[in-house]
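Text of structure-v1.cif (mmCIF, C-alpha atoms) as supplied:
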data_run
loop_
_atom_site.label_atom_id
_atom_site.label_comp_id
_atom_site.auth_asym_id
_atom_site.auth_seq_id
_atom_site.Cartn_x
_atom_site.Cartn_y
_atom_site.Cartn_z
CA MET A 194 0.00 0.00 0.00
CA LYS A 195 2.00 2.93 -1.29
CA GLN A 196 -0.26 5.56 0.28
CA GLY A 197 -1.17 3.44 3.27
CA LEU A 198 -0.19 3.38 6.92
CA THR A 199 0.24 0.41 9.24
CA VAL A 200 0.06 1.19 12.96
CA PHE A 201 1.18 -1.39 15.53
CA VAL A 202 0.05 -1.28 19.16
CA PHE A 203 1.60 -2.87 22.26
CA HIS A 204 0.78 -2.85 25.97
CA GLU A 205 3.04 -4.73 28.36
CA VAL A 206 6.59 -5.62 27.27
CA SER A 207 7.73 -7.99 29.98
CA ASP A 208 9.19 -11.42 30.64
CA HIS A 209 6.97 -11.57 33.74
CA PRO A 210 3.58 -10.25 32.62
CA SER A 211 0.72 -9.45 34.96
CA ARG A 212 -2.23 -11.83 35.27
CA PHE A 213 -4.44 -9.25 33.57
CA CYS A 214 -2.18 -8.85 30.54
CA GLU A 215 -1.54 -12.57 30.29
CA GLU A 216 -5.25 -13.40 30.37
CA TYR A 217 -6.09 -10.89 27.64
CA GLY A 218 -3.05 -11.38 25.40
CA LEU A 219 -1.69 -7.89 26.10
CA ALA A 220 1.93 -8.84 26.85
CA VAL A 221 4.97 -9.68 24.76
CA SER A 222 8.37 -10.69 26.09
CA ARG A 223 11.40 -8.47 25.52
CA LYS A 224 12.85 -10.96 23.05
CA THR A 225 9.63 -11.21 21.07
CA PHE A 226 9.18 -7.44 21.07
CA HIS A 227 12.72 -6.91 19.77
CA ARG A 228 12.10 -9.52 17.06
CA GLN A 229 8.78 -7.93 16.06
CA VAL A 230 10.20 -4.41 15.87
CA SER A 231 13.20 -5.64 13.87
CA TRP A 232 10.79 -7.28 11.42
CA ILE A 233 8.74 -4.10 11.16
CA MET A 234 11.91 -2.09 10.47
CA SER A 235 12.88 -4.56 7.73
CA HIS A 236 9.57 -4.37 5.87
CA PHE A 237 8.19 -0.90 6.63
CA ASN A 238 9.36 2.70 6.82
CA VAL A 239 8.79 3.57 10.49
CA ILE A 240 7.82 7.24 10.76
CA HIS A 241 7.54 9.63 13.68
CA PRO A 242 3.96 9.60 15.04
CA THR A 243 3.58 13.34 14.52
CA ASP A 244 4.12 12.83 10.78
CA VAL A 245 0.49 11.67 10.55
CA LEU A 246 -0.57 15.18 11.61
CA ASN A 247 1.34 16.84 8.79
CA GLU A 248 0.16 17.40 5.26
CA THR A 249 3.39 16.12 3.72
CA PRO A 250 3.20 12.74 1.93
CA LEU A 251 4.31 9.70 3.89
CA PRO A 252 6.91 7.27 2.54
CA GLU A 253 5.84 4.05 0.89
CA GLY A 254 5.08 1.36 3.45
CA ALA A 255 4.80 3.84 6.33
CA ALA A 256 4.36 2.44 9.84
CA VAL A 257 3.93 3.79 13.37
CA ILE A 258 4.72 2.08 16.68
CA SER A 259 2.33 2.79 19.56
CA PHE A 260 1.69 1.72 23.15
CA ASP A 261 -1.54 1.96 25.14
CA ASP A 262 -2.31 2.71 28.79
CA GLY A 263 1.11 3.38 30.39
CA PHE A 264 2.45 0.10 31.76
CA LEU A 265 5.80 0.51 33.49
CA SER A 266 7.29 -2.25 31.35
CA SER A 267 6.41 -0.39 28.15
CA PHE A 268 8.82 2.30 29.35
CA GLU A 269 11.52 0.22 31.02
CA ASN A 270 11.60 -2.41 28.29
CA GLY A 271 9.63 -1.24 25.25
CA LEU A 272 10.87 2.34 24.93
CA THR A 273 14.38 1.35 25.98
CA ILE A 274 14.58 -1.20 23.15
CA LEU A 275 13.15 1.31 20.67
CA GLU A 276 15.64 3.95 21.76
CA LYS A 277 18.54 1.58 21.07
CA LEU A 278 17.08 0.86 17.64
CA GLY A 279 16.40 4.54 16.94
CA VAL A 280 12.66 3.94 16.48
CA PRO A 281 10.09 6.63 17.43
CA SER A 282 6.76 5.85 19.09
CA VAL A 283 3.63 7.27 20.71
CA VAL A 284 2.33 6.21 24.13
CA PHE A 285 -1.41 6.71 24.67
CA LEU A 286 -1.87 7.33 28.38
CA ASN A 287 -4.63 7.09 30.98
CA MET A 288 -3.25 9.81 33.22
CA GLN A 289 -5.38 9.01 36.27
CA ALA A 290 -3.49 5.72 36.61
CA ILE A 291 -0.19 7.59 36.18
CA LEU A 292 -0.90 10.42 38.63
CA GLU A 293 -2.83 8.52 41.31
CA GLN A 294 -1.34 5.02 40.84
CA LYS A 295 -4.85 3.60 40.74
CA PRO A 296 -5.85 0.67 38.52
CA ILE A 297 -7.53 1.42 35.21
CA LEU A 298 -11.25 0.76 34.83
CA SER A 299 -10.86 -2.25 32.54
CA ALA A 300 -8.60 -4.02 35.06
CA ILE A 301 -11.04 -3.18 37.87
CA ALA A 302 -14.01 -4.63 35.96
CA CYS A 303 -12.11 -7.77 34.92
CA TYR A 304 -10.79 -8.29 38.46
CA LEU A 305 -14.23 -7.88 40.03
CA ASN A 306 -15.79 -10.26 37.53
CA ARG A 307 -13.14 -12.91 38.23
CA TYR A 308 -12.68 -12.58 42.00
CA VAL A 309 -15.78 -10.90 43.47
CA PRO A 310 -18.94 -13.02 42.93
CA GLU A 311 -21.26 -10.19 43.99
CA PHE A 312 -20.10 -8.07 41.07
CA SER A 313 -21.51 -10.20 38.24
CA ASP A 314 -24.76 -10.63 40.19
CA PHE A 315 -24.95 -6.85 40.61
CA CYS A 316 -24.29 -6.23 36.92
CA ARG A 317 -27.03 -8.63 35.87
CA SER A 318 -29.42 -6.97 38.34
CA VAL A 319 -28.87 -3.56 36.71
CA GLY A 320 -29.17 -4.92 33.18
CA ILE A 321 -25.62 -4.87 31.82
CA SER A 322 -23.92 -7.87 30.29
CA SER A 323 -20.41 -9.26 30.04
CA PRO A 324 -17.75 -8.18 29.13
CA PHE A 325 -18.29 -5.69 31.95
CA HIS A 326 -15.24 -3.53 31.15
CA ILE A 327 -17.18 -2.63 27.98
CA THR A 328 -20.62 -2.06 29.48
CA LEU A 329 -19.90 -0.68 32.96
CA ARG A 330 -20.85 2.97 33.51
CA PRO A 331 -19.44 5.35 36.15
CA SER A 332 -22.78 5.60 37.97
CA LEU A 333 -23.04 1.81 38.20
CA LEU A 334 -19.53 1.39 39.59
CA ASN A 335 -20.38 4.05 42.20
CA SER A 336 -23.58 2.17 43.08
CA PHE A 337 -21.70 -1.11 43.43
CA GLU A 338 -19.15 0.47 45.78
CA LYS A 339 -21.93 1.98 47.91
CA LEU A 340 -23.48 -1.46 48.29
CA TYR A 341 -20.35 -3.58 48.74
CA GLY A 342 -17.62 -1.16 49.75
CA PRO A 343 -14.72 0.42 47.84
CA VAL A 344 -12.73 -1.55 45.29
CA GLU A 345 -9.54 -3.00 46.83
CA ASN A 346 -7.11 -1.03 44.68
CA ASP A 347 -4.00 -2.84 45.94
CA ALA A 348 -5.43 -6.22 44.96
CA VAL A 349 -6.44 -4.93 41.53
CA LEU A 350 -3.01 -3.34 41.01
CA ASP A 351 -1.36 -6.68 41.80
CA TYR A 352 -3.63 -8.27 39.17
CA GLN A 353 -3.20 -5.48 36.61
CA GLY A 354 0.56 -4.88 36.79
CA GLN A 355 2.48 -1.70 37.57
CA PHE A 356 2.06 1.53 35.63
CA ALA A 357 4.65 4.25 35.13
CA ASP A 358 4.51 7.35 37.31
CA LEU A 359 4.89 11.01 36.42
CA GLY A 360 8.62 10.95 37.17
CA ILE A 361 9.20 8.19 34.62
CA LEU A 362 7.15 10.06 32.00
CA LYS A 363 9.28 13.14 32.57
CA GLU A 364 12.48 11.12 32.14
CA TRP A 365 11.43 10.61 28.51
CA ASN A 366 10.17 14.17 28.14
CA ASP A 367 13.24 15.51 26.36
CA LYS A 368 13.57 12.60 23.92
CA ASN A 369 12.18 13.57 20.54
CA THR A 370 11.52 9.93 19.64
CA VAL A 371 8.69 9.60 22.20
CA VAL A 372 5.39 11.48 22.29
CA TYR A 373 2.33 11.11 24.52
CA GLY A 374 -1.27 10.91 23.33
CA ASN A 375 -4.71 10.93 24.94
CA HIS A 376 -6.41 7.65 25.97
CA LEU A 377 -9.01 9.26 28.30
CA PHE A 378 -8.30 10.06 31.94
CA ASP A 379 -9.44 6.57 32.93
CA HIS A 380 -9.97 3.54 30.71
CA TRP A 381 -13.75 3.86 30.20
CA ASN A 382 -15.36 2.40 27.12
CA ALA A 383 -16.64 5.38 25.15
CA PRO A 384 -20.27 4.26 24.49
CA ALA A 385 -20.71 3.62 28.23
CA LEU A 386 -20.23 7.35 28.83
CA SER A 387 -22.56 10.24 28.15
CA LEU A 388 -21.08 12.90 25.88
CA GLU A 389 -20.62 15.09 28.95
CA GLU A 390 -18.69 12.32 30.71
CA PHE A 391 -16.67 11.62 27.57
CA GLU A 392 -15.78 15.30 27.26
CA GLU A 393 -14.75 15.44 30.93
CA GLN A 394 -12.54 12.35 30.53
CA TYR A 395 -10.90 13.78 27.41
CA LYS A 396 -10.31 17.25 28.83
CA LYS A 397 -9.02 16.04 32.21
CA ASN A 398 -6.50 13.92 30.36
CA GLU A 399 -5.50 16.82 28.10
CA ILE A 400 -4.87 19.00 31.15
CA ALA A 401 -2.76 16.29 32.76
CA LEU A 402 -0.83 15.69 29.54
CA SER A 403 -0.19 19.42 29.10
CA GLN A 404 2.50 19.31 31.81
CA LEU A 405 4.53 17.08 29.49
CA ALA A 406 6.43 18.87 26.74
CA ASN A 407 6.09 16.00 24.27
CA SER A 408 2.30 15.58 24.42
CA VAL A 409 0.56 15.71 21.03
CA LYS A 410 -2.99 16.00 19.69
CA LEU A 411 -3.34 12.28 18.99
CA PHE A 412 -6.11 10.17 20.56
CA SER A 413 -6.77 6.43 20.73
CA PHE A 414 -10.02 4.81 21.77
CA THR A 415 -9.90 2.42 24.70
CA ASN A 416 -10.66 -1.19 23.71
CA GLY A 417 -11.00 0.04 20.15
CA LYS A 418 -13.48 -2.08 18.19
CA PRO A 419 -15.88 -0.06 15.97
CA GLY A 420 -19.52 -0.17 17.01
CA ILE A 421 -18.78 -1.79 20.38
CA CYS A 422 -16.11 0.60 21.63
CA PHE A 423 -16.90 3.78 19.71
CA SER A 424 -19.19 5.18 17.05
CA ASP A 425 -19.35 8.19 14.78
CA ARG A 426 -20.89 10.06 17.75
CA GLU A 427 -17.54 10.03 19.59
CA VAL A 428 -15.49 10.61 16.44
CA ASP A 429 -17.53 13.70 15.58
CA PHE A 430 -17.11 14.96 19.14
CA LEU A 431 -13.34 14.39 19.13
CA LYS A 432 -13.05 16.67 16.12
CA LEU A 433 -14.85 19.38 18.06
CA LEU A 434 -12.57 18.77 21.06
CA GLY A 435 -9.47 19.30 18.92
CA ALA A 436 -8.01 15.81 18.44
CA GLY A 437 -5.76 15.91 15.39
CA LYS A 438 -6.02 12.20 14.51
CA VAL A 439 -7.90 9.34 16.14
CA PHE A 440 -6.79 5.70 16.38
CA TYR A 441 -8.70 2.51 17.07
CA GLY A 442 -7.95 -1.23 17.31
CA ALA A 443 -9.65 -4.15 15.57
CA GLY A 444 -6.51 -5.28 13.71
CA VAL A 445 -6.83 -2.96 10.74
CA VAL A 446 -4.38 -1.39 8.29
CA ASN A 447 -5.10 1.94 6.59
CA ARG A 448 -5.15 2.14 2.82
CA ASP A 449 -5.42 5.92 3.06
CA ALA A 450 -3.16 7.51 5.70
CA LYS A 451 -4.90 10.87 5.28
CA LYS A 452 -8.10 9.66 6.94
CA TYR A 453 -8.99 11.12 10.33
CA LEU A 454 -9.71 7.72 11.91
CA LEU A 455 -6.83 5.24 11.68
CA GLY A 456 -6.78 1.54 12.55
CA ARG A 457 -4.08 -0.40 14.40
CA ILE A 458 -2.80 -3.96 14.72
CA GLY A 459 -2.04 -5.44 18.14
CA LEU A 460 0.80 -7.97 18.14
CA SER A 461 0.95 -10.73 20.74
CA GLU A 462 3.48 -13.22 22.06
CA HIS A 463 2.23 -15.69 19.44
CA ASP A 464 3.43 -13.45 16.60
CA LYS A 465 7.04 -14.58 16.82
CA ASP A 466 7.98 -15.52 13.27
CA GLU A 467 7.66 -14.01 9.81
CA ASP A 468 4.77 -16.27 8.75
CA HIS A 469 2.66 -15.23 11.75
CA LEU A 470 3.47 -11.57 11.22
CA TRP A 471 2.60 -11.60 7.51
CA PHE A 472 -0.61 -13.46 8.36
CA ARG A 473 -1.54 -10.65 10.75
CA ILE A 474 -0.93 -8.09 8.00
CA GLY A 475 -3.04 -10.04 5.50
CA ARG A 476 -5.90 -10.38 7.95
CA ALA A 477 -5.63 -6.66 8.75
CA VAL A 478 -6.11 -5.83 5.07
CA LEU A 479 -9.34 -7.85 5.08
CA ASN A 480 -10.44 -6.19 8.32
CA ASP A 481 -9.93 -2.80 6.72
CA LEU A 482 -12.50 -3.77 4.08
CA LEU A 483 -14.86 -5.01 6.81
CA TYR A 484 -14.65 -1.84 8.91
CA ASN A 485 -14.55 0.55 5.97
CA LYS A 486 -18.20 1.49 6.45
CA SER A 487 -17.69 4.63 8.50
CA ARG A 488 -17.12 7.85 6.58
CA TYR A 489 -13.96 8.26 8.64
CA THR A 490 -12.23 4.95 7.78
#

What do you get writing this file as structure tokens?
Amino acid sequence: MKQGLTVFVFHEVSDHPSRFCEEYGLAVSRKTFHRQVSWIMSHFNVIHPTDVLNETPLPEGAAVISFDDGFLSSFENGLTILEKLGVPSVVFLNMQAILEQKPILSAIACYLNRYVPEFSDFCRSVGISSPFHITLRPSLLNSFEKLYGPVENDAVLDYQGQFADLGILKEWNDKNTVVYGNHLFDHWNAPALSLEEFEEQYKKNEIALSQLANSVKLFSFTNGKPGICFSDREVDFLKLLGAGKVFYGAGVVNRDAKKYLLGRIGLSEHDKDEDHLWFRIGRAVLNDLLYNKSRYT
């Protein structure tokens, strides 16, 4: 795809992944990550993430490396490996987890569903279905905590895995190969929020990111699948809020890099060899055709 763009997304880069990341296929080992990035460098032209905001044409076979959420290992291992290779990247951050060292909403919902029997009963009683990290709303989490007590953050953090803190973010602040984007203040699924709540989550995160010199007007949806995790309602609103480009998941490549809404491919520990990696690219091309119904894609 001469005019296309392939965006890769990672979460945890660790030889000792958290239970949460292991259960949901969100972790790759350091060795696998290095192998994957080396393969990407061999077959694509990796560009700086801010290049997608510019009007200048991208090189043939352009690619971007991204991380979601803000796991400590994505800094200590992922960014460190990329720095040695001279590869730029964007980290989409949930700044509440960074500033307050609290677990993200998706980890809370998954932990409660797995370890707290009352939670699934409560969710069914209020009419929301599994997966609860997709359907849970702020008002319902507040109601659950009023009935059963506050979430045990320490237990959820042990399940989720450690996030970076503000000091670690600032250590990378003067490196022009790393930029920070908006992933909402907490990891709420966009359709579970009212537009007012969505705006508050976006703006609170923008304010928190503004203290970092390398923050940029890039946004990625949490969870990321079209229809289930966002709709044109949120995309329209993000334009009004000032997001320069918006990214989503669903394992999609982009035939047209100039589009406002850009898909990404998540690589896992299973994608260790060239055959697996090319298979992921081929499937992503088909997914692009499947999700190419929105006027933005």

Task: Of the listed residues A:Phe423, A:Phe213, A:Phe203, A:Phe414, that which approaches Tyr441 of chain A most closely, counting all atoms listed in the file - done: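 Looking at the shortest contact to Tyr441 of chain A, the residue is A:Phe414.
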
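Here the question is which of A:Tyr352, A:Glu467, A:Leu482, A:Asn447 gets nearest to Glu215 of chain A using only C-alpha atoms, and that residue is A:Tyr352.
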
- [ ] Can you pull out every residue within 8 Å of Val257 of chain A, counting all atoms listed in the file, but drop anything in the same chain fewer than 4 positions away, and send it as a PyMOL selection string?
- [x] chain A and resi 198-201+239-242+281-282

Task: Interatomic distance (Å, one decimal) between atom CA of Glu248 of chain A and atom CA of Lys452 of chain A - done: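 Going from atom CA of Glu248 of chain A over to atom CA of Lys452 of chain A covers 11.4 Å.
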
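Nearest to Gly254 of chain A of all the residues A:Ile233, A:Leu305, A:Leu272, A:Val409 is A:Ile233, based on all atoms listed in the file.
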
Task: Contact residues around Met288 of chain A with all atoms listed in the file at 12 Å, ignoring same-chain residues under 3 positions, as a ChimeraX atom specification - done: /A:261-264,284-285,291-297,356-359,362,373-380,394-405,408

Open item on the list: Ranking A:Ala436, A:Val245, A:Leu340, A:Leu460 by minimum distance to Phe315 of chain A and counting all atoms listed in the file, which one comes first?
Closed with: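 For Phe315 of chain A, the nearest of the candidates is A:Leu340.
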
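Each of A:Ile274, A:Leu433, A:Met234, A:Leu388 was checked against Ala255 of chain A using all atoms listed in the file; the smallest atom-to-atom distance is that of A:Met234.
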
Open item on the list: With all atoms listed in the file as the counted atoms, please give the residues lying no more than 12 Å from Gly420 of chain A, apart from itself and same-chain residues fewer than 5 positions off, as a list in words.
Closed with: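 Counting only the stated atoms, we get Ile327, Asn382, Ala383, Pro384, Ala385, Phe414, Asp425, Arg426, Glu427, Val428, Tyr441, Gly442, Ala443, Tyr484, Lys486 and Ser487 of chain A.
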
Export C-alpha atoms of the chosen residues as a JSON list (two decimals), keeping the file's coordinate frame?
[["chain", "number", "residue", "atom", "x", "y", "z"],
["A", 327, "ILE", "CA", -17.18, -2.63, 27.98],
["A", 382, "ASN", "CA", -15.36, 2.40, 27.12],
["A", 383, "ALA", "CA", -16.64, 5.38, 25.15],
["A", 384, "PRO", "CA", -20.27, 4.26, 24.49],
["A", 385, "ALA", "CA", -20.71, 3.62, 28.23],
["A", 414, "PHE", "CA", -10.02, 4.81, 21.77],
["A", 425, "ASP", "CA", -19.35, 8.19, 14.78],
["A", 426, "ARG", "CA", -20.89, 10.06, 17.75],
["A", 427, "GLU", "CA", -17.54, 10.03, 19.59],
["A", 428, "VAL", "CA", -15.49, 10.61, 16.44],
["A", 441, "TYR", "CA", -8.70, 2.51, 17.07],
["A", 442, "GLY", "CA", -7.95, -1.23, 17.31],
["A", 443, "ALA", "CA", -9.65, -4.15, 15.57],
["A", 484, "TYR", "CA", -14.65, -1.84, 8.91],
["A", 486, "LYS", "CA", -18.20, 1.49, 6.45],
["A", 487, "SER", "CA", -17.69, 4.63, 8.50]]

- [ ] Measure the distance from atom CA of Gly354 of chain A to atom CA of Asn287 of chain A in Å and round it to one decimal.
- [x]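 So the two atoms, atom CA of Gly354 of chain A and atom CA of Asn287 of chain A, lie 14.3 Å apart.
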